[in-house]
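Here is the file coords.cif (mmCIF, C-alpha atoms (C1' of nucleotides)).
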```cif
data_work
#
loop_
_atom_site.label_atom_id
_atom_site.label_comp_id
_atom_site.auth_asym_id
_atom_site.auth_seq_id
_atom_site.Cartn_x
_atom_site.Cartn_y
_atom_site.Cartn_z
CA MET A 858 28.01 -11.43 13.96
CA GLY A 859 25.01 -12.03 11.77
CA VAL A 860 24.25 -15.42 13.20
CA ILE A 861 20.59 -16.41 12.96
CA ARG A 862 19.29 -17.60 16.30
CA LYS A 863 16.76 -20.38 16.74
CA THR A 864 14.26 -18.60 18.91
CA LYS A 865 10.80 -19.85 19.79
CA SER A 866 9.31 -17.45 17.30
CA VAL A 867 11.53 -18.66 14.50
CA SER A 868 10.64 -22.28 15.21
CA ALA A 869 6.94 -21.50 15.35
CA LEU A 870 7.05 -19.83 11.95
CA LEU A 871 9.10 -22.59 10.37
CA ASP A 872 6.62 -25.13 11.74
CA ALA A 873 3.78 -23.33 10.03
CA PHE A 874 5.51 -23.64 6.71
CA SER A 875 6.56 -27.24 7.05
CA GLN A 876 3.03 -28.36 7.75
CA GLN A 877 1.64 -27.43 4.40
CA GLU A 878 2.79 -27.08 0.91
CA ILE A 879 0.98 -23.90 0.10
CA ALA A 880 2.35 -20.41 0.52
CA LEU A 881 1.39 -18.22 3.46
CA SER A 882 0.73 -14.51 3.35
CA THR A 883 2.20 -12.09 5.85
CA LEU A 884 -1.34 -11.19 6.90
CA GLU A 885 -2.23 -14.81 7.58
CA LEU A 886 0.91 -15.29 9.67
CA VAL A 887 0.51 -12.06 11.61
CA GLU A 888 -3.05 -13.08 12.44
CA ARG A 889 -2.21 -16.67 13.30
CA PHE A 890 0.60 -15.74 15.68
CA LYS A 891 -0.78 -12.54 17.13
CA ASP A 892 -0.91 -14.08 20.61
CA GLN A 893 2.58 -15.51 20.42
CA MET A 894 4.60 -12.75 18.87
CA ASN A 895 4.51 -9.17 17.73
CA ARG A 896 3.59 -8.10 14.24
CA SER A 897 7.02 -6.65 13.57
CA THR A 898 8.65 -9.83 14.79
CA VAL A 899 6.79 -11.80 12.14
CA TYR A 900 7.93 -9.45 9.41
CA ARG A 901 11.51 -9.43 10.67
CA ILE A 902 11.78 -13.19 10.94
CA LEU A 903 10.35 -13.71 7.47
CA GLU A 904 12.87 -11.26 6.11
CA ARG A 905 15.70 -13.03 7.87
CA LEU A 906 14.64 -16.46 6.68
CA GLU A 907 14.45 -15.19 3.15
CA ASN A 908 17.97 -13.80 3.38
CA GLU A 909 19.12 -17.17 4.64
CA GLY A 910 17.60 -18.87 1.62
CA VAL A 911 15.04 -20.80 3.65
CA LEU A 912 12.02 -18.94 2.32
CA HIS A 913 11.26 -16.97 -0.79
CA SER A 914 8.72 -14.22 -1.18
CA PHE A 915 6.51 -12.95 -3.95
CA SER A 916 3.57 -10.62 -4.42
CA GLY A 917 0.03 -11.90 -4.65
CA GLN A 918 -2.96 -10.46 -6.40
CA ASP A 919 -3.64 -7.57 -4.08
CA GLY A 920 -0.04 -6.57 -3.66
CA ILE A 921 0.38 -8.31 -0.34
CA THR A 922 3.45 -10.42 0.26
CA TRP A 923 3.49 -14.21 0.36
CA TYR A 924 6.20 -16.55 1.58
CA ALA A 925 6.91 -20.17 0.80
CA LEU A 926 9.59 -22.68 1.64
CA CYS A 927 12.44 -23.00 -0.78
CA ASN A 928 13.16 -26.46 -1.99
CA ASP A 929 16.25 -27.34 -3.94
CA LYS A 930 14.43 -28.53 -7.00
CA ASP A 931 12.48 -25.57 -8.22
CA CYS A 932 13.64 -22.66 -6.10
CA SER A 933 17.08 -21.20 -6.24
CA ASN A 934 16.06 -18.19 -4.14
CA THR A 935 18.48 -16.06 -6.11
CA PRO A 936 15.87 -14.65 -8.42
CA LYS A 937 16.93 -15.68 -11.87
CA PHE A 938 15.39 -17.28 -14.85
CA ASP A 939 14.69 -20.43 -12.96
CA THR A 940 12.24 -18.71 -10.66
CA HIS A 941 9.04 -20.69 -10.67
CA PRO A 942 5.57 -19.22 -11.17
CA HIS A 943 2.92 -18.97 -8.49
CA PHE A 944 -0.78 -19.67 -8.63
CA GLN A 945 -3.44 -17.88 -6.63
CA CYS A 946 -7.09 -18.92 -6.51
CA ARG A 947 -9.42 -16.04 -7.27
CA ASP A 948 -12.07 -17.47 -4.96
CA CYS A 949 -10.45 -18.89 -1.83
CA GLY A 950 -7.16 -17.04 -2.17
CA LYS A 951 -5.09 -20.18 -1.69
CA THR A 952 -1.66 -19.60 -3.18
CA GLU A 953 1.00 -22.08 -4.14
CA CYS A 954 4.27 -22.54 -5.95
CA LEU A 955 3.98 -24.27 -9.31
CA PRO A 956 6.71 -26.84 -9.84
CA ILE A 957 7.06 -26.00 -13.48
CA SER A 958 9.35 -23.76 -15.42
CA VAL A 959 8.08 -21.29 -17.94
CA PRO A 960 10.57 -20.54 -20.67
CA ILE A 961 11.13 -16.80 -20.89
CA PRO A 962 12.14 -15.54 -24.31
CA GLU A 963 15.10 -13.24 -24.80
CA VAL A 964 14.05 -9.65 -25.32
CA SER A 965 16.20 -7.56 -27.60
CA GLU A 966 17.76 -4.48 -26.03
CA HIS A 967 16.67 -5.70 -22.61
CA ASN A 968 18.90 -7.40 -20.13
CA VAL A 969 16.36 -9.42 -18.17
CA GLU A 970 17.70 -10.48 -14.79
CA SER A 971 14.64 -11.77 -13.01
CA VAL A 972 11.07 -12.63 -13.77
CA SER A 973 8.01 -12.83 -11.60
CA LEU A 974 5.01 -14.66 -12.88
CA LEU A 975 1.68 -14.83 -11.10
CA MET A 976 -1.17 -16.91 -12.44
CA VAL A 977 -4.67 -16.29 -11.16
CA GLY A 978 -7.60 -18.60 -11.65
CA GLN A 979 -9.82 -21.09 -9.92
CA CYS A 980 -8.32 -23.93 -7.94
CA SER A 981 -9.68 -27.44 -8.18
CA ASP A 982 -11.37 -27.23 -4.79
CA CYS A 983 -13.34 -24.14 -5.72
CA ALA A 984 -14.18 -25.46 -9.18
CA SER A 985 -16.14 -28.43 -7.84
CA MET B 827 -25.70 7.68 -17.10
CA GLY B 828 -22.16 6.48 -16.81
CA VAL B 829 -20.88 8.71 -19.56
CA ILE B 830 -17.21 9.61 -19.21
CA ARG B 831 -16.68 13.33 -19.39
CA LYS B 832 -13.77 14.98 -21.09
CA THR B 833 -12.64 17.27 -18.33
CA LYS B 834 -9.40 19.22 -18.27
CA SER B 835 -7.95 16.70 -15.87
CA VAL B 836 -8.81 13.77 -18.10
CA SER B 837 -7.23 15.47 -21.10
CA ALA B 838 -4.11 16.34 -19.15
CA LEU B 839 -3.63 12.74 -18.10
CA LEU B 840 -4.27 11.36 -21.55
CA ASP B 841 -1.75 13.82 -22.95
CA ALA B 842 0.89 12.54 -20.57
CA PHE B 843 0.41 9.02 -21.87
CA SER B 844 0.30 9.88 -25.54
CA GLN B 845 3.61 11.70 -25.36
CA GLN B 846 5.69 8.68 -24.51
CA GLU B 847 5.61 5.00 -25.02
CA ILE B 848 6.64 3.99 -21.54
CA ALA B 849 4.31 3.28 -18.67
CA LEU B 850 3.69 5.82 -15.91
CA SER B 851 3.33 5.07 -12.23
CA THR B 852 0.57 6.52 -10.08
CA LEU B 853 3.25 8.20 -7.98
CA GLU B 854 4.83 9.86 -10.98
CA LEU B 855 1.45 11.12 -12.15
CA VAL B 856 0.36 12.36 -8.75
CA GLU B 857 3.63 14.26 -8.46
CA ARG B 858 3.56 15.66 -11.97
CA PHE B 859 0.01 16.97 -11.67
CA LYS B 860 -0.01 18.00 -8.03
CA ASP B 861 -0.55 21.64 -8.98
CA GLN B 862 -3.31 20.91 -11.45
CA MET B 863 -5.43 18.31 -9.71
CA ASN B 864 -5.93 16.48 -6.50
CA ARG B 865 -4.32 13.16 -5.67
CA SER B 866 -7.65 11.34 -5.50
CA THR B 867 -8.66 12.79 -8.83
CA VAL B 868 -5.61 11.22 -10.44
CA TYR B 869 -6.46 7.83 -8.98
CA ARG B 870 -10.11 8.11 -9.95
CA ILE B 871 -9.44 9.15 -13.53
CA LEU B 872 -6.93 6.35 -14.02
CA GLU B 873 -9.48 3.89 -12.72
CA ARG B 874 -12.14 5.24 -15.05
CA LEU B 875 -9.87 5.14 -18.07
CA GLU B 876 -8.97 1.58 -17.29
CA ASN B 877 -12.62 0.60 -17.10
CA GLU B 878 -13.15 2.26 -20.47
CA GLY B 879 -10.38 0.16 -21.97
CA VAL B 880 -8.14 3.13 -22.70
CA LEU B 881 -5.46 2.22 -20.15
CA HIS B 882 -4.36 -0.94 -18.46
CA SER B 883 -2.64 -1.29 -15.11
CA PHE B 884 -0.11 -3.61 -13.57
CA SER B 885 2.12 -3.83 -10.52
CA GLY B 886 5.74 -2.86 -10.64
CA GLN B 887 8.64 -4.05 -8.55
CA ASP B 888 7.75 -2.35 -5.30
CA GLY B 889 4.07 -3.08 -5.49
CA ILE B 890 3.14 0.32 -6.81
CA THR B 891 0.72 0.58 -9.68
CA TRP B 892 1.66 1.48 -13.23
CA TYR B 893 -0.57 2.46 -16.12
CA ALA B 894 -0.01 2.35 -19.85
CA LEU B 895 -2.04 3.01 -22.95
CA CYS B 896 -3.82 0.08 -24.49
CA ASN B 897 -3.16 -0.48 -28.14
CA ASP B 898 -5.13 -2.91 -30.21
CA LYS B 899 -2.21 -5.07 -31.14
CA ASP B 900 -0.86 -6.36 -27.89
CA CYS B 901 -3.34 -5.29 -25.27
CA SER B 902 -6.81 -6.67 -24.95
CA ASN B 903 -7.36 -5.06 -21.55
CA THR B 904 -9.50 -8.02 -20.55
CA PRO B 905 -6.77 -9.82 -18.67
CA LYS B 906 -6.43 -13.16 -20.39
CA PHE B 907 -3.68 -15.24 -21.79
CA ASP B 908 -2.84 -12.62 -24.32
CA THR B 909 -1.74 -10.17 -21.66
CA HIS B 910 1.70 -8.93 -22.53
CA PRO B 911 4.64 -8.82 -20.11
CA HIS B 912 6.17 -5.66 -18.68
CA PHE B 913 9.78 -4.71 -18.20
CA GLN B 914 11.12 -2.52 -15.42
CA CYS B 915 14.70 -1.26 -15.22
CA ARG B 916 16.31 -2.00 -11.87
CA ASP B 917 18.39 1.17 -12.07
CA CYS B 918 16.31 4.00 -13.48
CA GLY B 919 12.91 2.45 -12.84
CA LYS B 920 11.70 3.03 -16.39
CA THR B 921 8.88 0.65 -17.13
CA GLU B 922 7.40 -0.41 -20.43
CA CYS B 923 5.10 -2.85 -22.13
CA LEU B 924 6.84 -5.56 -24.10
CA PRO B 925 5.18 -6.20 -27.45
CA ILE B 926 5.77 -9.92 -27.25
CA SER B 927 3.68 -12.80 -26.12
CA VAL B 928 4.96 -15.39 -23.72
CA PRO B 929 3.32 -18.77 -24.14
CA ILE B 930 1.94 -19.93 -20.82
CA PRO B 931 1.75 -23.68 -20.39
CA GLU B 932 -1.39 -25.42 -19.20
CA VAL B 933 -1.19 -26.41 -15.56
CA SER B 934 -2.97 -29.59 -14.57
CA GLU B 935 -5.68 -29.17 -11.94
CA HIS B 936 -5.45 -25.41 -12.30
CA ASN B 937 -7.82 -23.30 -14.26
CA VAL B 938 -5.60 -20.36 -15.11
CA GLU B 939 -7.60 -17.30 -16.09
CA SER B 940 -5.06 -14.53 -16.11
CA VAL B 941 -1.32 -14.13 -15.93
CA SER B 942 0.85 -11.24 -14.89
CA LEU B 943 4.47 -11.28 -15.86
CA LEU B 944 7.02 -8.71 -14.75
CA MET B 945 10.58 -8.79 -15.98
CA VAL B 946 13.22 -6.83 -14.12
CA GLY B 947 16.66 -6.02 -15.44
CA GLN B 948 18.79 -3.29 -16.85
CA CYS B 949 17.56 -1.18 -19.72
CA SER B 950 19.79 -0.30 -22.63
CA ASP B 951 20.25 3.27 -21.44
CA CYS B 952 21.53 2.23 -18.04
CA ALA B 953 23.72 -0.52 -19.47
CA SER B 954 25.85 1.87 -21.49
"C1'" DA C 935 27.56 -17.88 35.42
"C1'" DT C 936 28.75 -14.11 32.70
"C1'" DC C 937 28.93 -11.32 28.79
"C1'" DT C 938 28.18 -10.00 24.19
"C1'" DT C 939 25.15 -9.42 20.56
"C1'" DA C 940 21.00 -10.67 18.21
"C1'" DA C 941 16.01 -10.72 18.72
"C1'" DT C 942 11.78 -8.86 20.49
"C1'" DG C 943 7.89 -5.73 22.07
"C1'" DC C 944 5.93 -1.58 21.75
"C1'" DA C 945 4.32 2.45 19.91
"C1'" DA C 946 4.82 5.77 16.67
"C1'" DC C 947 5.36 6.45 11.95
"C1'" DT C 948 5.26 6.03 6.64
"C1'" DG C 949 3.24 5.86 2.24
"C1'" DA C 950 0.00 4.23 -1.23
"C1'" DG C 951 -4.46 4.17 -1.88
"C1'" DT C 952 -9.64 4.88 -0.53
"C1'" DC C 953 -13.97 7.23 0.98
"C1'" DG C 954 -17.81 10.45 2.25
"C1'" DC C 955 -19.54 14.53 1.31
"C1'" DA C 956 -20.25 19.15 -0.18
"C1'" DA C 957 -18.99 22.20 -4.00
"C1'" DA C 958 -18.01 22.70 -8.92
"C1'" DA C 959 -18.29 21.74 -13.72
"C1'" DG C 960 -20.13 18.97 -17.91
"C1'" DT C 961 -23.97 18.07 -20.76
"C1'" DA C 962 -28.64 17.94 -22.56
"C1'" DA C 963 -33.06 20.12 -22.88
"C1'" DG C 964 -35.85 24.05 -23.14
"C1'" DC D 343 -28.33 31.40 -22.63
"C1'" DT D 344 -30.52 29.24 -18.64
"C1'" DT D 345 -32.11 25.61 -16.10
"C1'" DA D 346 -31.84 21.09 -14.40
"C1'" DC D 347 -29.54 17.00 -13.81
"C1'" DT D 348 -25.49 14.14 -13.21
"C1'" DT D 349 -20.77 13.40 -13.10
"C1'" DT D 350 -16.32 15.08 -11.28
"C1'" DT D 351 -13.51 17.17 -8.19
"C1'" DG D 352 -11.30 18.89 -3.78
"C1'" DC D 353 -10.59 18.14 0.69
"C1'" DG D 354 -9.64 15.89 4.77
"C1'" DA D 355 -9.99 11.98 7.28
"C1'" DC D 356 -9.15 7.31 7.14
"C1'" DT D 357 -7.30 2.43 6.15
"C1'" DC D 358 -3.93 -0.91 5.96
"C1'" DA D 359 0.52 -3.19 5.06
"C1'" DG D 360 4.77 -2.60 6.35
"C1'" DT D 361 8.86 -0.08 8.80
"C1'" DT D 362 11.67 2.02 12.45
"C1'" DG D 363 13.87 3.58 16.87
"C1'" DC D 364 14.73 2.28 21.14
"C1'" DA D 365 14.72 0.11 25.45
"C1'" DT D 366 14.36 -4.67 27.16
"C1'" DT D 367 14.96 -9.66 26.78
"C1'" DA D 368 17.10 -13.83 25.64
"C1'" DA D 369 20.55 -16.84 22.66
"C1'" DG D 370 24.75 -18.92 22.90
"C1'" DA D 371 29.84 -18.57 23.21
"C1'" DT D 372 33.54 -18.37 26.64
#
```
Would you write out, as structure tokens, the structure that this file holds?
Amino acid sequence: MGVIRKTKSVSALLDAFSQQEIALSTLELVERFKDQMNRSTVYRILERLENEGVLHSFSGQDGITWYALCNDKDCSNTPKFDTHPHFQCRDCGKTECLPISVPIPEVSEHNVESVSLLMVGQCSDCAS
Amino acid sequence: MGVIRKTKSVSALLDAFSQQEIALSTLELVERFKDQMNRSTVYRILERLENEGVLHSFSGQDGITWYALCNDKDCSNTPKFDTHPHFQCRDCGKTECLPISVPIPEVSEHNVESVSLLMVGQCSDCAS
DNA sequence: ATCTTAATGCAACTGAGTCGCAAAAGTAAG
DNA sequence: CTTACTTTTGCGACTCAGTTGCATTAAGAT
């Protein structure tokens, strides 16, 4: 039980991620695949892939959920201190993982287990 | 025009904030004041107080919105690099502003304008 | 080829937050 | 204190992301 099956829908979604390095929002994916699969299927597959450690999710500016591929270097998927920050452009909305690590200070009386850090600004494309 | 009026509802909400140092979620406030004012009134007053620089808002773990009083020391309200982080307890949900500043590194090719940082863990009450 | 179990489609639902509009309450001027 | 003007509020309908139950479909192991 619990085996993840390689269905057409799963492959289609994985393809979308492997073709670009930026993150994709649930809304974008639901829209892009609305002719190929149901809305709930998109949500369910994303959830499954995250549980498998293939994707990781985070919240963007407006509270909507984004997903991005995990890579060994800067994404452990188990949300810990090594979680990387994300950057979202305030103009075009493009969102990406930042391959940097921000040192989080210890906070007295607080047992910090995970950190989520979202940076918002203008990307280089929109700045020019 | 544009003057903010000190209505009973506004005073009631401000009282709630001045009585404790932790942040309050919209849900908590809507529930607490459901007999005294309408749901939309709560949302509208919070929005107004944030525009006035009295409160600031941020997103908690589940995407719901939290508000907390601004104090001169660690809250500029204009979201900039000096925005402070917030801590939310994974067990009891208690959420607070952390009076520390986390240095955010420069990111090449990215014009970072604001940062939001949420730490999740166990608070001292729940740890004991 | 068959059978078991996971995956999907569909439609209804949830829950936070928003909006338009008429009624009510602040505030300033007379 | 009244009037006149403007902001606030209540209400109900609405939006929108995401979830759920259930019957049907399709992987993949035997």
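For the pair CA of Cys980 in chain A and CA of Leu906 in chain A, the separation is 28.2 Å.
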Practice task
Starting from the shown file, work through the PyMOL selection byres ((chain B) within 12 of (chain D)) and note down what comes out as a list of chain:residue names.
Solution key: B:Met827, B:Gly828, B:Val829, B:Ile830, B:Arg831, B:Lys832, B:Thr833, B:Lys834, B:Ser835, B:Val836, B:Gln862, B:Met863, B:Asn864, B:Arg865, B:Ser866, B:Thr867, B:Val868, B:Tyr869, B:Arg870, B:Ile871, B:Arg874, B:Gly889
If chain A is fitted onto chain B by least squares over all C-alpha atoms, taken pair by pair in sequence order, what do its new coordinates look like as a PDB file with C-alpha atoms, in the frame of the given file?
```pdb
ATOM      1  CA  MET A 858     -25.647   7.484 -16.647  1.00  0.00           C
ATOM      2  CA  GLY A 859     -22.073   6.312 -16.541  1.00  0.00           C
ATOM      3  CA  VAL A 860     -20.914   8.588 -19.296  1.00  0.00           C
ATOM      4  CA  ILE A 861     -17.233   9.507 -19.092  1.00  0.00           C
ATOM      5  CA  ARG A 862     -16.756  13.244 -19.361  1.00  0.00           C
ATOM      6  CA  LYS A 863     -13.839  14.904 -21.109  1.00  0.00           C
ATOM      7  CA  THR A 864     -12.698  17.199 -18.360  1.00  0.00           C
ATOM      8  CA  LYS A 865      -9.475  19.179 -18.318  1.00  0.00           C
ATOM      9  CA  SER A 866      -7.989  16.690 -15.914  1.00  0.00           C
ATOM     10  CA  VAL A 867      -8.832  13.749 -18.121  1.00  0.00           C
ATOM     11  CA  SER A 868      -7.271  15.429 -21.144  1.00  0.00           C
ATOM     12  CA  ALA A 869      -4.144  16.333 -19.216  1.00  0.00           C
ATOM     13  CA  LEU A 870      -3.644  12.738 -18.125  1.00  0.00           C
ATOM     14  CA  LEU A 871      -4.293  11.326 -21.575  1.00  0.00           C
ATOM     15  CA  ASP A 872      -1.772  13.798 -22.992  1.00  0.00           C
ATOM     16  CA  ALA A 873       0.868  12.518 -20.621  1.00  0.00           C
ATOM     17  CA  PHE A 874       0.392   9.016 -21.894  1.00  0.00           C
ATOM     18  CA  SER A 875       0.289   9.850 -25.565  1.00  0.00           C
ATOM     19  CA  GLN A 876       3.597  11.650 -25.402  1.00  0.00           C
ATOM     20  CA  GLN A 877       5.649   8.644 -24.522  1.00  0.00           C
ATOM     21  CA  GLU A 878       5.579   4.986 -25.014  1.00  0.00           C
ATOM     22  CA  ILE A 879       6.632   3.994 -21.557  1.00  0.00           C
ATOM     23  CA  ALA A 880       4.320   3.285 -18.661  1.00  0.00           C
ATOM     24  CA  LEU A 881       3.708   5.825 -15.916  1.00  0.00           C
ATOM     25  CA  SER A 882       3.354   5.085 -12.237  1.00  0.00           C
ATOM     26  CA  THR A 883       0.596   6.543 -10.107  1.00  0.00           C
ATOM     27  CA  LEU A 884       3.266   8.238  -7.999  1.00  0.00           C
ATOM     28  CA  GLU A 885       4.836   9.890 -11.026  1.00  0.00           C
ATOM     29  CA  LEU A 886       1.453  11.166 -12.204  1.00  0.00           C
ATOM     30  CA  VAL A 887       0.360  12.396  -8.792  1.00  0.00           C
ATOM     31  CA  GLU A 888       3.628  14.304  -8.508  1.00  0.00           C
ATOM     32  CA  ARG A 889       3.554  15.679 -12.035  1.00  0.00           C
ATOM     33  CA  PHE A 890       0.008  17.007 -11.746  1.00  0.00           C
ATOM     34  CA  LYS A 891      -0.032  18.030  -8.114  1.00  0.00           C
ATOM     35  CA  ASP A 892      -0.573  21.677  -9.065  1.00  0.00           C
ATOM     36  CA  GLN A 893      -3.320  20.921 -11.544  1.00  0.00           C
ATOM     37  CA  MET A 894      -5.425  18.349  -9.797  1.00  0.00           C
ATOM     38  CA  ASN A 895      -5.948  16.521  -6.555  1.00  0.00           C
ATOM     39  CA  ARG A 896      -4.320  13.233  -5.711  1.00  0.00           C
ATOM     40  CA  SER A 897      -7.633  11.416  -5.529  1.00  0.00           C
ATOM     41  CA  THR A 898      -8.648  12.841  -8.875  1.00  0.00           C
ATOM     42  CA  VAL A 899      -5.608  11.243 -10.477  1.00  0.00           C
ATOM     43  CA  TYR A 900      -6.437   7.870  -8.989  1.00  0.00           C
ATOM     44  CA  ARG A 901     -10.099   8.144  -9.946  1.00  0.00           C
ATOM     45  CA  ILE A 902      -9.425   9.144 -13.527  1.00  0.00           C
ATOM     46  CA  LEU A 903      -6.913   6.350 -14.012  1.00  0.00           C
ATOM     47  CA  GLU A 904      -9.450   3.897 -12.690  1.00  0.00           C
ATOM     48  CA  ARG A 905     -12.103   5.220 -15.024  1.00  0.00           C
ATOM     49  CA  LEU A 906      -9.854   5.111 -18.062  1.00  0.00           C
ATOM     50  CA  GLU A 907      -8.933   1.557 -17.268  1.00  0.00           C
ATOM     51  CA  ASN A 908     -12.590   0.578 -17.054  1.00  0.00           C
ATOM     52  CA  GLU A 909     -13.128   2.203 -20.420  1.00  0.00           C
ATOM     53  CA  GLY A 910     -10.357   0.112 -21.926  1.00  0.00           C
ATOM     54  CA  VAL A 911      -8.128   3.094 -22.659  1.00  0.00           C
ATOM     55  CA  LEU A 912      -5.457   2.205 -20.124  1.00  0.00           C
ATOM     56  CA  HIS A 913      -4.332  -0.960 -18.437  1.00  0.00           C
ATOM     57  CA  SER A 914      -2.627  -1.278 -15.097  1.00  0.00           C
ATOM     58  CA  PHE A 915      -0.095  -3.603 -13.562  1.00  0.00           C
ATOM     59  CA  SER A 916       2.113  -3.803 -10.499  1.00  0.00           C
ATOM     60  CA  GLY A 917       5.758  -2.843 -10.604  1.00  0.00           C
ATOM     61  CA  GLN A 918       8.643  -4.045  -8.528  1.00  0.00           C
ATOM     62  CA  ASP A 919       7.779  -2.311  -5.296  1.00  0.00           C
ATOM     63  CA  GLY A 920       4.095  -3.047  -5.448  1.00  0.00           C
ATOM     64  CA  ILE A 921       3.154   0.352  -6.784  1.00  0.00           C
ATOM     65  CA  THR A 922       0.729   0.595  -9.664  1.00  0.00           C
ATOM     66  CA  TRP A 923       1.673   1.500 -13.223  1.00  0.00           C
ATOM     67  CA  TYR A 924      -0.552   2.469 -16.124  1.00  0.00           C
ATOM     68  CA  ALA A 925       0.006   2.338 -19.851  1.00  0.00           C
ATOM     69  CA  LEU A 926      -2.030   2.992 -22.951  1.00  0.00           C
ATOM     70  CA  CYS A 927      -3.803   0.056 -24.474  1.00  0.00           C
ATOM     71  CA  ASN A 928      -3.165  -0.517 -28.109  1.00  0.00           C
ATOM     72  CA  ASP A 929      -5.152  -2.950 -30.173  1.00  0.00           C
ATOM     73  CA  LYS A 930      -2.231  -5.114 -31.109  1.00  0.00           C
ATOM     74  CA  ASP A 931      -0.865  -6.409 -27.868  1.00  0.00           C
ATOM     75  CA  CYS A 932      -3.353  -5.337 -25.229  1.00  0.00           C
ATOM     76  CA  SER A 933      -6.842  -6.660 -24.971  1.00  0.00           C
ATOM     77  CA  ASN A 934      -7.360  -5.073 -21.546  1.00  0.00           C
ATOM     78  CA  THR A 935      -9.532  -8.007 -20.573  1.00  0.00           C
ATOM     79  CA  PRO A 936      -6.814  -9.827 -18.719  1.00  0.00           C
ATOM     80  CA  LYS A 937      -6.446 -13.125 -20.472  1.00  0.00           C
ATOM     81  CA  PHE A 938      -3.695 -15.195 -21.872  1.00  0.00           C
ATOM     82  CA  ASP A 939      -2.797 -12.553 -24.361  1.00  0.00           C
ATOM     83  CA  THR A 940      -1.726 -10.135 -21.667  1.00  0.00           C
ATOM     84  CA  HIS A 941       1.728  -8.902 -22.509  1.00  0.00           C
ATOM     85  CA  PRO A 942       4.659  -8.810 -20.089  1.00  0.00           C
ATOM     86  CA  HIS A 943       6.187  -5.664 -18.662  1.00  0.00           C
ATOM     87  CA  PHE A 944       9.797  -4.704 -18.160  1.00  0.00           C
ATOM     88  CA  GLN A 945      11.133  -2.531 -15.373  1.00  0.00           C
ATOM     89  CA  CYS A 946      14.707  -1.265 -15.172  1.00  0.00           C
ATOM     90  CA  ARG A 947      16.300  -2.013 -11.825  1.00  0.00           C
ATOM     91  CA  ASP A 948      18.391   1.148 -12.023  1.00  0.00           C
ATOM     92  CA  CYS A 949      16.328   3.994 -13.465  1.00  0.00           C
ATOM     93  CA  GLY A 950      12.934   2.436 -12.819  1.00  0.00           C
ATOM     94  CA  LYS A 951      11.734   3.043 -16.364  1.00  0.00           C
ATOM     95  CA  THR A 952       8.905   0.641 -17.105  1.00  0.00           C
ATOM     96  CA  GLU A 953       7.433  -0.402 -20.406  1.00  0.00           C
ATOM     97  CA  CYS A 954       5.126  -2.840 -22.114  1.00  0.00           C
ATOM     98  CA  LEU A 955       6.886  -5.558 -24.083  1.00  0.00           C
ATOM     99  CA  PRO A 956       5.242  -6.194 -27.435  1.00  0.00           C
ATOM    100  CA  ILE A 957       5.818  -9.896 -27.231  1.00  0.00           C
ATOM    101  CA  SER A 958       3.726 -12.793 -26.109  1.00  0.00           C
ATOM    102  CA  VAL A 959       5.002 -15.380 -23.713  1.00  0.00           C
ATOM    103  CA  PRO A 960       3.367 -18.749 -24.156  1.00  0.00           C
ATOM    104  CA  ILE A 961       1.925 -19.909 -20.851  1.00  0.00           C
ATOM    105  CA  PRO A 962       1.719 -23.663 -20.435  1.00  0.00           C
ATOM    106  CA  GLU A 963      -1.448 -25.376 -19.281  1.00  0.00           C
ATOM    107  CA  VAL A 964      -1.287 -26.377 -15.643  1.00  0.00           C
ATOM    108  CA  SER A 965      -3.107 -29.525 -14.662  1.00  0.00           C
ATOM    109  CA  GLU A 966      -5.837 -29.110 -12.062  1.00  0.00           C
ATOM    110  CA  HIS A 967      -5.568 -25.345 -12.415  1.00  0.00           C
ATOM    111  CA  ASN A 968      -7.914 -23.206 -14.399  1.00  0.00           C
ATOM    112  CA  VAL A 969      -5.658 -20.275 -15.232  1.00  0.00           C
ATOM    113  CA  GLU A 970      -7.639 -17.200 -16.214  1.00  0.00           C
ATOM    114  CA  SER A 971      -5.047 -14.464 -16.220  1.00  0.00           C
ATOM    115  CA  VAL A 972      -1.324 -14.087 -15.990  1.00  0.00           C
ATOM    116  CA  SER A 973       0.857 -11.221 -14.922  1.00  0.00           C
ATOM    117  CA  LEU A 974       4.479 -11.268 -15.852  1.00  0.00           C
ATOM    118  CA  LEU A 975       7.018  -8.707 -14.720  1.00  0.00           C
ATOM    119  CA  MET A 976      10.588  -8.794 -15.940  1.00  0.00           C
ATOM    120  CA  VAL A 977      13.225  -6.833 -14.077  1.00  0.00           C
ATOM    121  CA  GLY A 978      16.669  -6.049 -15.378  1.00  0.00           C
ATOM    122  CA  GLN A 979      18.829  -3.315 -16.784  1.00  0.00           C
ATOM    123  CA  CYS A 980      17.608  -1.214 -19.671  1.00  0.00           C
ATOM    124  CA  SER A 981      19.860  -0.334 -22.565  1.00  0.00           C
ATOM    125  CA  ASP A 982      20.305   3.246 -21.389  1.00  0.00           C
ATOM    126  CA  CYS A 983      21.565   2.200 -17.981  1.00  0.00           C
ATOM    127  CA  ALA A 984      23.749  -0.562 -19.404  1.00  0.00           C
ATOM    128  CA  SER A 985      25.920   1.843 -21.394  1.00  0.00           C
TER     129      SER A 985
END
```
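We find C1' of DG960 in chain C and CA of Ser837 in chain B to be spaced 13.7 Å apart.
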Practice task
One decimal, Å: what's the distance from CA of Thr909 in chain B over to CA of Glu876 in chain B, could you say?
Solution key: 14.5 Å
Handout entry: Residues near range 945-949 of chain A, cut-off 9 Å, all atoms listed in the file, skip fewer than 5 positions along chain, as number ranges by chain
Key = A: 917-918, 975-980, 982-983; B: 936-938
Exercise for the section: Check what the PyMOL selection byres ((chain C) within 9 of (chain B)) selects in the file above and give those residues as a ChimeraX atom specification. Expected result: /C:950-952,959-961
For C-alpha atoms (C1' of nucleotides), I'd like the residues from the last selection saved as a short mmCIF file (atom, residue, chain, number, x, y, z; two decimals), in the frame of the given file.
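Okay, this is what ended up in selection.cif:
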```cif
data_model
loop_
_atom_site.label_atom_id
_atom_site.label_comp_id
_atom_site.auth_asym_id
_atom_site.auth_seq_id
_atom_site.Cartn_x
_atom_site.Cartn_y
_atom_site.Cartn_z
"C1'" DA C 950 0.00 4.23 -1.23
"C1'" DG C 951 -4.46 4.17 -1.88
"C1'" DT C 952 -9.64 4.88 -0.53
"C1'" DA C 959 -18.29 21.74 -13.72
"C1'" DG C 960 -20.13 18.97 -17.91
"C1'" DT C 961 -23.97 18.07 -20.76
#
```
